[in-house]
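Everything below belongs to final28.tsv, which stores TSV, C-alpha atoms.
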chain	number	residue	atom	x	y	z
A	275	MET	CA	111.54	100.11	-83.92
A	276	ASN	CA	109.03	100.49	-86.78
A	277	GLY	CA	106.90	97.34	-86.45
A	278	VAL	CA	106.46	96.06	-90.00
A	279	GLY	CA	110.07	96.77	-90.93
A	280	ASP	CA	111.35	94.97	-87.85
A	281	MET	CA	109.24	91.90	-88.58
A	282	ILE	CA	110.37	91.80	-92.21
A	283	ALA	CA	114.01	91.96	-91.09
A	284	VAL	CA	113.62	89.27	-88.43
A	285	ALA	CA	111.66	86.90	-90.67
A	286	ARG	CA	114.22	87.41	-93.44
A	287	LYS	CA	117.18	86.65	-91.16
A	288	ALA	CA	115.38	83.68	-89.59
A	289	ASN	CA	114.87	82.25	-93.08
A	290	GLY	CA	118.55	82.77	-93.91
A	291	LEU	CA	117.85	85.26	-96.67
A	292	THR	CA	119.83	88.32	-97.68
A	293	GLN	CA	118.02	91.52	-98.59
A	294	GLY	CA	118.83	90.83	-102.21
A	295	GLU	CA	117.41	87.30	-102.10
A	296	LEU	CA	114.20	88.51	-100.46
A	297	ALA	CA	113.93	91.29	-103.02
A	298	ASP	CA	114.14	88.73	-105.86
A	299	LEU	CA	111.47	86.56	-104.26
A	300	ALA	CA	109.11	89.47	-103.67
A	301	GLY	CA	109.70	91.14	-107.02
A	302	VAL	CA	111.18	94.38	-105.69
A	303	LYS	CA	114.64	95.90	-105.59
A	304	GLN	CA	117.16	95.41	-102.78
A	305	PRO	CA	117.29	99.11	-101.79
A	306	THR	CA	113.51	98.96	-101.36
A	307	ILE	CA	113.85	96.09	-98.86
A	308	ASN	CA	116.49	98.10	-97.03
A	309	ARG	CA	114.15	101.10	-96.77
A	310	TYR	CA	111.32	98.88	-95.52
A	311	GLU	CA	113.51	97.41	-92.79
A	312	ALA	CA	114.88	100.83	-91.84
A	313	GLY	CA	111.36	102.21	-91.50
A	314	ASP	CA	111.83	104.80	-94.23
A	315	ARG	CA	109.04	103.27	-96.30
A	316	ILE	CA	106.01	101.07	-95.61
A	317	PRO	CA	105.09	98.44	-98.22
A	318	ASP	CA	101.66	98.70	-99.80
A	319	ASP	CA	99.19	95.84	-99.49
A	320	GLU	CA	100.27	94.10	-102.69
A	321	VAL	CA	103.98	94.16	-101.86
A	322	LEU	CA	103.30	93.18	-98.25
A	323	GLU	CA	101.46	90.11	-99.50
A	324	ARG	CA	104.38	89.14	-101.74
A	325	LEU	CA	106.80	89.59	-98.85
A	326	ALA	CA	104.62	87.46	-96.57
A	327	VAL	CA	104.49	84.67	-99.16
A	328	ALA	CA	108.26	84.76	-99.57
A	329	LEU	CA	108.77	84.63	-95.79
A	330	GLY	CA	106.16	81.94	-95.11
A	331	VAL	CA	104.06	84.12	-92.81
A	332	THR	CA	100.77	85.99	-93.00
A	333	THR	CA	100.43	89.66	-93.75
A	334	ARG	CA	98.70	90.05	-90.37
A	335	PHE	CA	101.79	88.61	-88.72
A	336	LEU	CA	103.99	91.27	-90.32
A	337	GLU	CA	101.52	94.05	-89.53
A	338	LEU	CA	101.22	93.11	-85.85
A	339	GLY	CA	104.98	93.31	-85.33
A	340	GLY	CA	104.63	96.76	-83.81
A	341	ARG	CA	102.48	95.53	-80.95
A	342	GLU	CA	104.20	95.42	-77.58
A	343	SER	CA	103.37	91.73	-77.10
A	344	ALA	CA	105.08	90.84	-80.38
A	345	ALA	CA	107.82	93.45	-80.37
A	346	ILE	CA	111.31	92.26	-81.18
A	347	ALA	CA	113.40	91.48	-78.12
A	348	VAL	CA	116.96	92.71	-77.99
A	349	ASP	CA	118.05	90.84	-74.88
A	350	ALA	CA	117.60	87.19	-75.80
A	351	HIS	CA	119.65	84.73	-73.76
A	352	MET	CA	121.69	82.16	-75.67
A	353	ARG	CA	123.86	79.20	-74.70
A	354	ARG	CA	126.56	79.00	-77.35
A	355	GLN	CA	130.26	78.35	-77.75
A	356	LYS	CA	132.42	81.46	-77.54
A	357	THR	CA	133.85	80.80	-80.99
A	358	THR	CA	130.42	80.73	-82.67
A	359	ARG	CA	130.37	82.90	-85.79
A	360	ALA	CA	128.32	86.07	-85.45
A	361	SER	CA	126.19	85.10	-88.45
A	362	LEU	CA	125.12	81.88	-86.72
A	363	TRP	CA	124.04	83.43	-83.45
A	364	ARG	CA	122.33	86.33	-85.20
A	365	THR	CA	120.28	83.83	-87.19
A	366	GLY	CA	119.52	82.03	-83.94
A	367	GLU	CA	118.34	85.24	-82.31
A	368	ALA	CA	116.12	85.90	-85.31
A	369	ARG	CA	114.64	82.39	-85.07
A	370	LEU	CA	113.86	82.94	-81.39
A	371	ASN	CA	112.32	86.34	-82.04
A	372	LEU	CA	110.22	84.88	-84.84
A	373	MET	CA	108.99	82.10	-82.56
A	374	ARG	CA	108.33	84.65	-79.85
A	375	ALA	CA	106.18	86.70	-82.22
A	376	HIS	CA	104.28	83.63	-83.45
A	377	SER	CA	103.61	82.59	-79.85
A	378	SER	CA	102.41	86.05	-78.86
A	379	GLN	CA	99.71	85.85	-81.55
A	380	VAL	CA	98.56	82.49	-80.20
A	381	PHE	CA	98.32	84.00	-76.72
A	382	GLU	CA	95.80	86.48	-78.11
A	383	GLN	CA	93.46	83.51	-78.46
A	384	VAL	CA	94.26	81.43	-75.38
A	385	SER	CA	95.54	81.95	-71.86
A	386	LEU	CA	97.40	79.17	-70.10
A	387	ALA	CA	96.14	77.89	-66.78
A	388	ALA	CA	99.65	76.95	-65.68
A	389	GLN	CA	100.08	74.81	-62.59
A	390	ALA	CA	103.05	76.93	-61.50
A	391	MET	CA	105.07	79.90	-62.71
A	392	VAL	CA	108.68	80.70	-63.49
A	393	PRO	CA	109.70	82.98	-60.61
A	394	THR	CA	112.27	85.71	-61.01
A	395	PHE	CA	115.00	86.83	-58.64
A	396	ASP	CA	117.55	89.61	-58.87
A	397	VAL	CA	121.16	88.56	-58.40
A	398	LEU	CA	122.04	92.22	-58.00
A	399	ASP	CA	119.96	92.22	-54.82
A	400	GLY	CA	122.01	89.41	-53.35
A	401	THR	CA	120.15	86.24	-54.38
A	402	SER	CA	122.78	83.70	-55.36
A	403	PRO	CA	122.17	81.42	-58.37
A	404	GLU	CA	122.27	78.41	-56.04
A	405	ASP	CA	119.67	79.90	-53.70
A	406	ALA	CA	117.48	80.77	-56.66
A	407	ALA	CA	117.68	77.18	-57.94
A	408	ARG	CA	116.69	75.84	-54.53
A	409	LEU	CA	113.80	78.31	-54.32
A	410	VAL	CA	112.49	77.32	-57.75
A	411	ARG	CA	112.60	73.64	-56.83
A	412	ALA	CA	110.79	74.41	-53.59
A	413	GLN	CA	108.11	76.56	-55.27
A	414	TRP	CA	107.50	73.89	-57.90
A	415	LYS	CA	107.31	71.25	-55.14
A	416	MET	CA	109.84	69.07	-56.92
A	417	PRO	CA	110.91	65.76	-55.35
A	418	ILE	CA	114.33	65.60	-53.74
A	419	GLY	CA	116.97	64.16	-56.04
A	420	PRO	CA	117.30	63.92	-59.85
A	421	VAL	CA	114.93	65.91	-62.04
A	422	ARG	CA	112.75	63.62	-64.12
A	423	ASN	CA	111.22	65.03	-67.34
A	424	LEU	CA	112.56	68.56	-67.02
A	425	VAL	CA	110.59	69.76	-70.04
A	426	GLY	CA	107.40	68.68	-68.26
A	427	TRP	CA	108.24	70.87	-65.26
A	428	LEU	CA	109.00	73.80	-67.56
A	429	GLU	CA	105.75	73.45	-69.47
A	430	ALA	CA	103.75	73.05	-66.26
A	431	ALA	CA	105.08	76.51	-65.34
A	432	GLY	CA	103.84	77.97	-68.62
A	433	CYS	CA	107.15	77.87	-70.52
A	434	LEU	CA	106.77	77.18	-74.24
A	435	VAL	CA	109.57	74.88	-75.37
A	436	PHE	CA	110.38	74.41	-79.05
A	437	GLU	CA	113.02	72.31	-80.79
A	438	GLU	CA	114.69	72.94	-84.15
A	439	ASP	CA	117.75	71.73	-85.99
A	440	PHE	CA	120.01	74.78	-85.78
A	441	GLY	CA	122.34	73.42	-88.44
A	442	THR	CA	125.26	73.78	-86.02
A	443	HIS	CA	126.39	72.22	-82.75
A	444	ARG	CA	127.86	75.52	-81.59
A	445	ILE	CA	124.51	76.83	-80.33
A	446	ASP	CA	122.55	74.76	-77.80
A	447	GLY	CA	119.56	76.93	-77.01
A	448	MET	CA	118.13	80.36	-76.23
A	449	SER	CA	115.26	81.88	-74.28
A	450	GLN	CA	113.17	85.02	-73.80
A	451	TRP	CA	109.99	86.16	-72.08
A	452	ILE	CA	106.65	86.75	-73.85
A	453	GLY	CA	104.68	88.77	-71.33
A	454	ASP	CA	104.00	86.42	-68.42
A	455	HIS	CA	105.28	83.33	-70.24
A	456	PRO	CA	108.81	82.45	-71.34
A	457	VAL	CA	109.75	80.78	-74.59
A	458	MET	CA	112.72	78.46	-75.03
A	459	LEU	CA	114.17	77.35	-78.36
A	460	LEU	CA	116.49	74.33	-78.25
A	461	ASN	CA	118.80	72.61	-80.71
A	462	SER	CA	117.15	69.26	-81.47
A	463	GLU	CA	120.42	67.71	-82.67
A	464	VAL	CA	122.40	67.81	-79.42
A	465	PRO	CA	122.49	64.79	-77.07
A	466	ALA	CA	119.70	64.49	-74.51
A	467	ASP	CA	121.99	64.95	-71.49
A	468	ARG	CA	123.47	68.12	-72.94
A	469	GLN	CA	120.03	69.41	-73.89
A	470	ARG	CA	118.79	68.90	-70.31
A	471	LEU	CA	121.68	71.02	-69.04
A	472	THR	CA	120.81	73.67	-71.64
A	473	LYS	CA	117.19	73.75	-70.43
A	474	ALA	CA	118.35	74.28	-66.87
A	475	HIS	CA	120.88	76.89	-68.03
A	476	GLU	CA	118.22	78.84	-69.94
A	477	LEU	CA	115.84	78.52	-66.99
A	478	GLY	CA	118.59	80.13	-64.94
A	479	HIS	CA	118.67	83.08	-67.33
A	480	LEU	CA	114.89	83.46	-67.19
A	481	VAL	CA	114.90	83.33	-63.39
A	482	LEU	CA	117.96	85.50	-62.76
A	483	HIS	CA	118.20	87.91	-65.67
A	484	SER	CA	114.66	88.92	-66.57
A	485	ASN	CA	115.02	92.49	-65.30
A	486	GLU	CA	118.64	93.48	-65.72
A	487	PRO	CA	121.73	91.71	-67.08
A	488	SER	CA	124.77	91.16	-64.91
A	489	ASP	CA	128.47	91.07	-65.73
A	490	SER	CA	128.68	87.31	-65.15
A	491	MET	CA	125.41	86.07	-66.63
A	492	GLU	CA	126.75	82.87	-68.18
A	493	GLU	CA	128.56	81.75	-65.04
A	494	GLU	CA	125.47	82.51	-62.96
A	495	ALA	CA	123.26	80.49	-65.32
A	496	ASN	CA	125.76	77.62	-65.14
A	497	SER	CA	125.73	77.73	-61.32
A	498	PHE	CA	121.93	77.78	-61.30
A	499	ALA	CA	121.76	74.79	-63.66
A	500	ALA	CA	124.27	72.79	-61.59
A	501	GLU	CA	122.33	73.27	-58.35
A	502	PHE	CA	118.96	72.79	-60.04
A	503	LEU	CA	119.88	69.47	-61.68
A	504	MET	CA	122.43	68.26	-59.11
A	505	PRO	CA	121.51	69.69	-55.68
A	506	GLU	CA	124.60	69.80	-53.51
A	507	ALA	CA	122.84	68.48	-50.42
A	508	VAL	CA	121.80	65.32	-52.28
A	509	ILE	CA	124.63	64.60	-54.69
A	510	ARG	CA	127.59	65.73	-52.60
A	511	SER	CA	128.55	62.35	-51.16
A	512	SER	CA	128.33	60.68	-54.60
A	513	LEU	CA	130.83	63.06	-56.18
A	514	ARG	CA	133.81	62.06	-54.06
A	515	ASP	CA	134.36	59.17	-56.49
A	516	VAL	CA	134.90	60.57	-59.98
A	517	SER	CA	136.25	57.47	-61.67
A	518	LEU	CA	134.96	57.05	-65.20
A	519	GLY	CA	132.95	53.98	-64.29
A	520	HIS	CA	131.26	55.71	-61.38
A	521	LEU	CA	130.52	58.78	-63.49
A	522	GLN	CA	128.75	56.57	-66.03
A	523	GLU	CA	126.54	55.20	-63.24
A	524	LEU	CA	125.79	58.71	-62.00
A	525	LYS	CA	124.97	59.84	-65.53
A	526	ARG	CA	122.27	57.19	-65.75
A	527	GLU	CA	120.86	58.25	-62.37
A	528	TRP	CA	120.99	62.05	-62.75
A	529	GLY	CA	120.46	62.45	-66.50
A	530	VAL	CA	123.44	64.75	-67.02
A	531	SER	CA	126.75	64.19	-68.78
A	532	MET	CA	129.85	62.72	-67.18
A	533	GLN	CA	131.55	66.05	-67.84
A	534	ALA	CA	128.82	67.99	-66.03
A	535	LEU	CA	129.14	65.64	-63.07
A	536	PHE	CA	132.91	66.01	-62.97
A	537	GLU	CA	132.60	69.81	-63.20
A	538	ARG	CA	130.15	69.71	-60.29
A	539	SER	CA	132.70	67.74	-58.25
A	540	TYR	CA	135.40	70.20	-59.23
A	541	ARG	CA	133.32	73.24	-58.26
A	542	LEU	CA	132.54	71.63	-54.91
A	543	GLY	CA	136.25	71.23	-54.25
A	544	PHE	CA	136.51	67.45	-54.35
A	545	VAL	CA	139.06	67.36	-57.18
A	546	SER	CA	141.97	69.61	-58.12
A	547	SER	CA	142.77	71.40	-61.36
A	548	VAL	CA	145.39	68.71	-61.99
A	549	ASP	CA	142.70	66.03	-61.64
A	550	ARG	CA	140.52	68.03	-64.00
A	551	THR	CA	143.22	68.14	-66.68
A	552	ARG	CA	143.81	64.42	-66.27
A	553	PHE	CA	140.08	63.73	-66.58
A	554	TYR	CA	139.68	65.57	-69.88
A	555	LYS	CA	142.79	63.91	-71.29
A	556	ALA	CA	141.26	60.54	-70.46
A	557	MET	CA	137.96	61.56	-72.08
A	558	ASN	CA	139.76	62.74	-75.22
A	559	ALA	CA	141.84	59.58	-75.42
A	560	ARG	CA	138.66	57.48	-75.49
A	561	GLY	CA	136.84	59.77	-77.91
A	562	TRP	CA	134.31	60.56	-75.19
A	563	LYS	CA	134.77	64.33	-75.08
A	564	ALA	CA	132.36	64.79	-78.00
A	565	ASN	CA	130.50	61.49	-77.79
A	566	GLU	CA	130.07	60.15	-74.26
A	567	PRO	CA	128.88	56.61	-73.56
A	568	GLY	CA	125.59	56.02	-71.79
A	569	GLY	CA	123.51	58.41	-73.84
A	570	GLU	CA	120.89	55.71	-74.39
A	571	TYR	CA	120.09	55.83	-70.68
A	572	VAL	CA	119.09	59.51	-70.79
A	573	PRO	CA	115.63	59.67	-72.37
A	574	ARG	CA	114.86	62.36	-74.92
A	575	GLU	CA	112.28	64.78	-73.49
A	576	THR	CA	109.61	65.86	-75.97
A	577	PRO	CA	107.90	69.27	-75.65
A	578	ARG	CA	104.12	68.98	-75.80
A	579	LEU	CA	102.64	72.29	-74.68
A	580	ALA	CA	102.45	73.94	-78.11
A	581	LEU	CA	100.59	70.97	-79.57
A	582	HIS	CA	98.28	70.85	-76.55
A	583	ILE	CA	97.37	74.48	-77.19
A	584	GLY	CA	96.60	73.51	-80.76
A	585	ASP	CA	94.47	70.61	-79.53
A	586	GLU	CA	92.39	73.03	-77.50
A	587	LEU	CA	91.90	75.33	-80.48
A	588	LEU	CA	90.92	72.31	-82.57
A	589	ALA	CA	88.37	71.37	-79.92
A	590	ARG	CA	86.92	74.87	-80.17
A	591	GLY	CA	86.16	74.24	-83.83
A	592	TYR	CA	89.19	75.76	-85.54
A	593	SER	CA	90.68	73.87	-88.48
A	594	ARG	CA	94.37	73.11	-88.71
A	595	GLU	CA	94.72	75.77	-91.38
A	596	GLU	CA	93.02	78.32	-89.13
A	597	ILE	CA	95.30	77.43	-86.22
A	598	ALA	CA	98.36	77.99	-88.41
A	599	ASN	CA	96.86	81.29	-89.54
A	600	ILE	CA	96.26	82.39	-85.95
A	601	ALA	CA	99.93	81.75	-85.19
A	602	GLY	CA	100.94	83.73	-88.27
A	603	TYR	CA	102.11	80.82	-90.44
A	604	ARG	CA	101.36	80.68	-94.14
A	605	SER	CA	100.50	76.97	-93.98
A	606	THR	CA	100.33	74.12	-91.49
A	607	GLN	CA	103.76	72.91	-92.56
A	608	GLY	CA	106.31	73.91	-89.96
A	609	CYS	CA	103.73	75.30	-87.54
A	610	PRO	CA	104.46	73.84	-84.07
A	611	PHE	CA	100.91	74.56	-82.89
A	612	VAL	CA	99.17	72.33	-85.43
A	613	PRO	CA	97.78	69.52	-83.22
A	614	HIS	CA	98.11	65.78	-83.37
A	615	GLY	CA	96.12	64.89	-80.25
A	616	GLY	CA	96.15	65.40	-76.48
A	617	GLY	CA	94.74	68.27	-74.45
A	618	LEU	CA	95.48	71.22	-72.21
A	619	ARG	CA	93.17	73.24	-70.01
A	620	VAL	CA	93.12	76.85	-71.11
A	621	VAL	CA	90.99	79.76	-69.98
A	622	GLN	CA	89.50	82.55	-72.04
Would you mind giving the structure from this file in structure tokens?
Amino acid sequence: MNGVGDMIAVARKANGLTQGELADLAGVKQPTINRYEAGDRIPDDEVLERLAVALGVTTRFLELGGRESAAIAVDAHMRRQKTTRASLWRTGEARLNLMRAHSSQVFEQVSLAAQAMVPTFDVLDGTSPEDAARLVRAQWKMPIGPVRNLVGWLEAAGCLVFEEDFGTHRIDGMSQWIGDHPVMLLNSEVPADRQRLTKAHELGHLVLHSNEPSDSMEEEANSFAAEFLMPEAVIRSSLRDVSLGHLQELKREWGVSMQALFERSYRLGFVSSVDRTRFYKAMNARGWKANEPGGEYVPRETPRLALHIGDELLARGYSREEIANIAGYRSTQGCPFVPHGGGLRVVQ
């Protein structure tokens, strides 16, 4: 990796620009952009400024791309449909890497005094996803039963959670570590119940796959999420009845989709594959496969940690423009750290 070139490439992809389009905006030629990104050339100060303006970031942001804390990650976790076009998930990876780099610059100014931490376990050493989920719940001292305000638990453990409209429903979310703190980027346009499952799924990746990937990462993250949101010891007796009416009641109680509840029952062995086929036919016939009823009973969880960090910086005397600049944004528009009130205890 060459630092500046990597950051130019990531910011370009995250903004949905081709090399040619960025070249036109910056007043250079496309082969020049290619050489910058390949590390064969380094832009001078004037060109770097034009590139930063075109990409909506600061020149300092591009220059600090070579630092270890902001270096581009190549092992981002992503929850997406298997048929998702490569161009879509590559843009998603770039958006996550860009957010990761912005966050790393903020962490140069503040350190979170998190109430807990996101622990890590190695499935290759024999820790099952279900055991890991139970251990996380125990370490976080979570109440028995449904998880209320999952984003609050994540942020209390120092996880930065961001939401964006991905422009597609084929990608639900993605995650990566920034030093001691993870970052999670979620699709703001998916239903709240599905988004909660995505948060738990991505938490599973962060917990289980921080050191080394496994051959069955997605299945392991799914198993973690199921046990984390629907602990077998608590929900088991409720899943013997999987009638549509009962599943709607359980959805309101547990904050997960009817389909997730049915899949949990299926994985626990309460229903057969024939029952499973019949269930999805019934959901399709009612138009519920893509748009389940009862969504109004699952509250939308709003991330607050980024804004709370901004509140603290504001309290220290920084202006909103300075906060955006610290995070590497060209302006306050689109900067998730620009505050609107609230507070968070941070330590220097």
Seminar exercise, completed: Using all atoms listed in the file, the best pick from A:Asp318, A:Glu311, A:Glu323, A:Asp405 as closest to A:Ala500 would be A:Asp405
Exercise. Which one of A:Arg594, A:Arg422, A:Arg550, A:Arg315 sits closest to A:Arg574 if you count all atoms listed in the file?
Worked result: A:Arg422
Problem set entry | Straight-line distance linking atom CA of A:Met391 with atom CA of A:Met373, stated in Å to one decimal |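 So the answer is 20.4 Å.
Only residues having an atom at most 10 Å from (125.6, 64.7, -83.1) are included; using all atoms listed in the file, these are Thr442, His443, Ser462, Glu463, Val464, Pro465, Ala564 and Asn565 of chain A.
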Using the selection just defined, write its residues with C-alpha atoms as a CSV table (one decimal), keeping the file's coordinate frame.
chain,number,residue,atom,x,y,z
A,442,THR,CA,125.3,73.8,-86.0
A,443,HIS,CA,126.4,72.2,-82.8
A,462,SER,CA,117.2,69.3,-81.5
A,463,GLU,CA,120.4,67.7,-82.7
A,464,VAL,CA,122.4,67.8,-79.4
A,465,PRO,CA,122.5,64.8,-77.1
A,564,ALA,CA,132.4,64.8,-78.0
A,565,ASN,CA,130.5,61.5,-77.8
Problem set entry | Selection near A:Gly279, 8 Å with only C-alpha atoms, sequence-local residues under 5 positions removed, as a ChimeraX atom specification | /A:310-313,316
Exercise. Nearest to A:Leu398 among A:Met491, A:Ala580, A:Ala534, A:Ala507, with distances taken over only C-alpha atoms: which residue is it?
Worked result: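 So, comparing all the options, the nearest one is A:Met491.
Using all atoms listed in the file, the shortest contact distance between A:Leu338 and any of A:Asp585, A:Glu382, A:Glu367, A:Asp298 is found at A:Glu382.
Shortest atom-to-atom contact with A:Asn423 among A:Val327, A:Val572, A:Leu542, A:Ala499: A:Val572, counting all atoms listed in the file.
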For this session: Using all atoms listed in the file, pick whichever of A:Trp451, A:Leu325, A:Glu486, A:Ala285 has the shortest atom-to-atom distance to A:Ala300.
Result: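 Ranking A:Trp451, A:Leu325, A:Glu486, A:Ala285 by distance to A:Ala300, first place goes to A:Leu325.
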Problem set entry | d(atom CA of A:Pro610, atom CA of A:Val380) in Å |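 Between atom CA of A:Pro610 and atom CA of A:Val380 the gap works out to 11.2 Å.
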Pick out the residues sitting within 12 Å of A:Ile282, and hand them over as a PDB file with C-alpha atoms, keeping the file's coordinate frame; count all atoms listed in the file, and ignore anything fewer than 6 positions along from it in its own chain.
ATOM      1  CA  MET A 275     111.540 100.110 -83.920  1.00  0.00           C
ATOM      2  CA  ASN A 276     109.030 100.490 -86.780  1.00  0.00           C
ATOM      3  CA  ALA A 288     115.380  83.680 -89.590  1.00  0.00           C
ATOM      4  CA  ASN A 289     114.870  82.250 -93.080  1.00  0.00           C
ATOM      5  CA  LEU A 291     117.850  85.260 -96.670  1.00  0.00           C
ATOM      6  CA  THR A 292     119.830  88.320 -97.680  1.00  0.00           C
ATOM      7  CA  GLN A 293     118.020  91.520 -98.590  1.00  0.00           C
ATOM      8  CA  LEU A 296     114.200  88.510-100.460  1.00  0.00           C
ATOM      9  CA  ALA A 297     113.930  91.290-103.020  1.00  0.00           C
ATOM     10  CA  ALA A 300     109.110  89.470-103.670  1.00  0.00           C
ATOM     11  CA  ILE A 307     113.850  96.090 -98.860  1.00  0.00           C
ATOM     12  CA  ASN A 308     116.490  98.100 -97.030  1.00  0.00           C
ATOM     13  CA  ARG A 309     114.150 101.100 -96.770  1.00  0.00           C
ATOM     14  CA  TYR A 310     111.320  98.880 -95.520  1.00  0.00           C
ATOM     15  CA  GLU A 311     113.510  97.410 -92.790  1.00  0.00           C
ATOM     16  CA  ALA A 312     114.880 100.830 -91.840  1.00  0.00           C
ATOM     17  CA  GLY A 313     111.360 102.210 -91.500  1.00  0.00           C
ATOM     18  CA  ILE A 316     106.010 101.070 -95.610  1.00  0.00           C
ATOM     19  CA  PRO A 317     105.090  98.440 -98.220  1.00  0.00           C
ATOM     20  CA  VAL A 321     103.980  94.160-101.860  1.00  0.00           C
ATOM     21  CA  LEU A 322     103.300  93.180 -98.250  1.00  0.00           C
ATOM     22  CA  GLU A 323     101.460  90.110 -99.500  1.00  0.00           C
ATOM     23  CA  ARG A 324     104.380  89.140-101.740  1.00  0.00           C
ATOM     24  CA  LEU A 325     106.800  89.590 -98.850  1.00  0.00           C
ATOM     25  CA  ALA A 326     104.620  87.460 -96.570  1.00  0.00           C
ATOM     26  CA  VAL A 327     104.490  84.670 -99.160  1.00  0.00           C
ATOM     27  CA  ALA A 328     108.260  84.760 -99.570  1.00  0.00           C
ATOM     28  CA  LEU A 329     108.770  84.630 -95.790  1.00  0.00           C
ATOM     29  CA  GLY A 330     106.160  81.940 -95.110  1.00  0.00           C
ATOM     30  CA  VAL A 331     104.060  84.120 -92.810  1.00  0.00           C
ATOM     31  CA  THR A 332     100.770  85.990 -93.000  1.00  0.00           C
ATOM     32  CA  THR A 333     100.430  89.660 -93.750  1.00  0.00           C
ATOM     33  CA  ARG A 334      98.700  90.050 -90.370  1.00  0.00           C
ATOM     34  CA  PHE A 335     101.790  88.610 -88.720  1.00  0.00           C
ATOM     35  CA  LEU A 336     103.990  91.270 -90.320  1.00  0.00           C
ATOM     36  CA  GLU A 337     101.520  94.050 -89.530  1.00  0.00           C
ATOM     37  CA  LEU A 338     101.220  93.110 -85.850  1.00  0.00           C
ATOM     38  CA  GLY A 339     104.980  93.310 -85.330  1.00  0.00           C
ATOM     39  CA  GLY A 340     104.630  96.760 -83.810  1.00  0.00           C
ATOM     40  CA  ILE A 346     111.310  92.260 -81.180  1.00  0.00           C
ATOM     41  CA  ALA A 368     116.120  85.900 -85.310  1.00  0.00           C
ATOM     42  CA  ASN A 371     112.320  86.340 -82.040  1.00  0.00           C
ATOM     43  CA  LEU A 372     110.220  84.880 -84.840  1.00  0.00           C
ATOM     44  CA  ALA A 375     106.180  86.700 -82.220  1.00  0.00           C
TER      45      ALA A 375
END
Problem set entry | Pairwise distance for atom CA of A:Gly432 and atom CA of A:Arg286, rounded to one decimal in Å |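 Atom CA of A:Gly432 sits 28.5 Å away from atom CA of A:Arg286.
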For this session: With a distance cut-off of 12 Å and all atoms listed in the file, select the neighbouring residues of stretch 383-385 of chain A, excluding the residue or stretch itself and same-chain residues fewer than 4 positions from it, and output the selection as a list in words.
Result: His376, Ser377, Ser378, Gln379, Gly432, Gly453, Asp454, His455, Ala580, His582, Ile583, Gly584, Asp585, Glu586, Leu587, Arg590, Tyr592, Glu596, Ile597, Asn599, Ile600, Ala601, Leu618, Arg619, Val620, Val621 and Gln622 of chain A
For this session: Around the point (128.2, 74.6, -61.4) in the file's coordinates, collect all residues with an atom within 8 Å, using all atoms listed in the file, and return them as a list in words.
Result: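 Residues with an atom at most 8 Å from (128.2, 74.6, -61.4): Asn496, Ser497, Phe498, Ala499, Ala500, Glu501, Glu537, Arg538 and Arg541 of chain A.
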Problem set entry | Selection near A:Gly568, 9 Å with all atoms listed in the file, sequence-local residues under 2 positions removed, as a PyMOL selection string | chain A and resi 522-523+525-526+531+566+570-572
For this session: Excluding A:Thr472 and residues on its chain fewer than 3 positions from it, collect all residues at most 8 Å away from it, counting only C-alpha atoms, and give them as a ChimeraX atom specification.
Result: /A:353,446-447,460,468-469,475-476
Take the residues just selected and output them with C-alpha atoms as a tab-separated table (two decimals), in the frame of the given file.
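This went into part-v4.tsv:
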chain	number	residue	atom	x	y	z
A	353	ARG	CA	123.86	79.20	-74.70
A	446	ASP	CA	122.55	74.76	-77.80
A	447	GLY	CA	119.56	76.93	-77.01
A	460	LEU	CA	116.49	74.33	-78.25
A	468	ARG	CA	123.47	68.12	-72.94
A	469	GLN	CA	120.03	69.41	-73.89
A	475	HIS	CA	120.88	76.89	-68.03
A	476	GLU	CA	118.22	78.84	-69.94
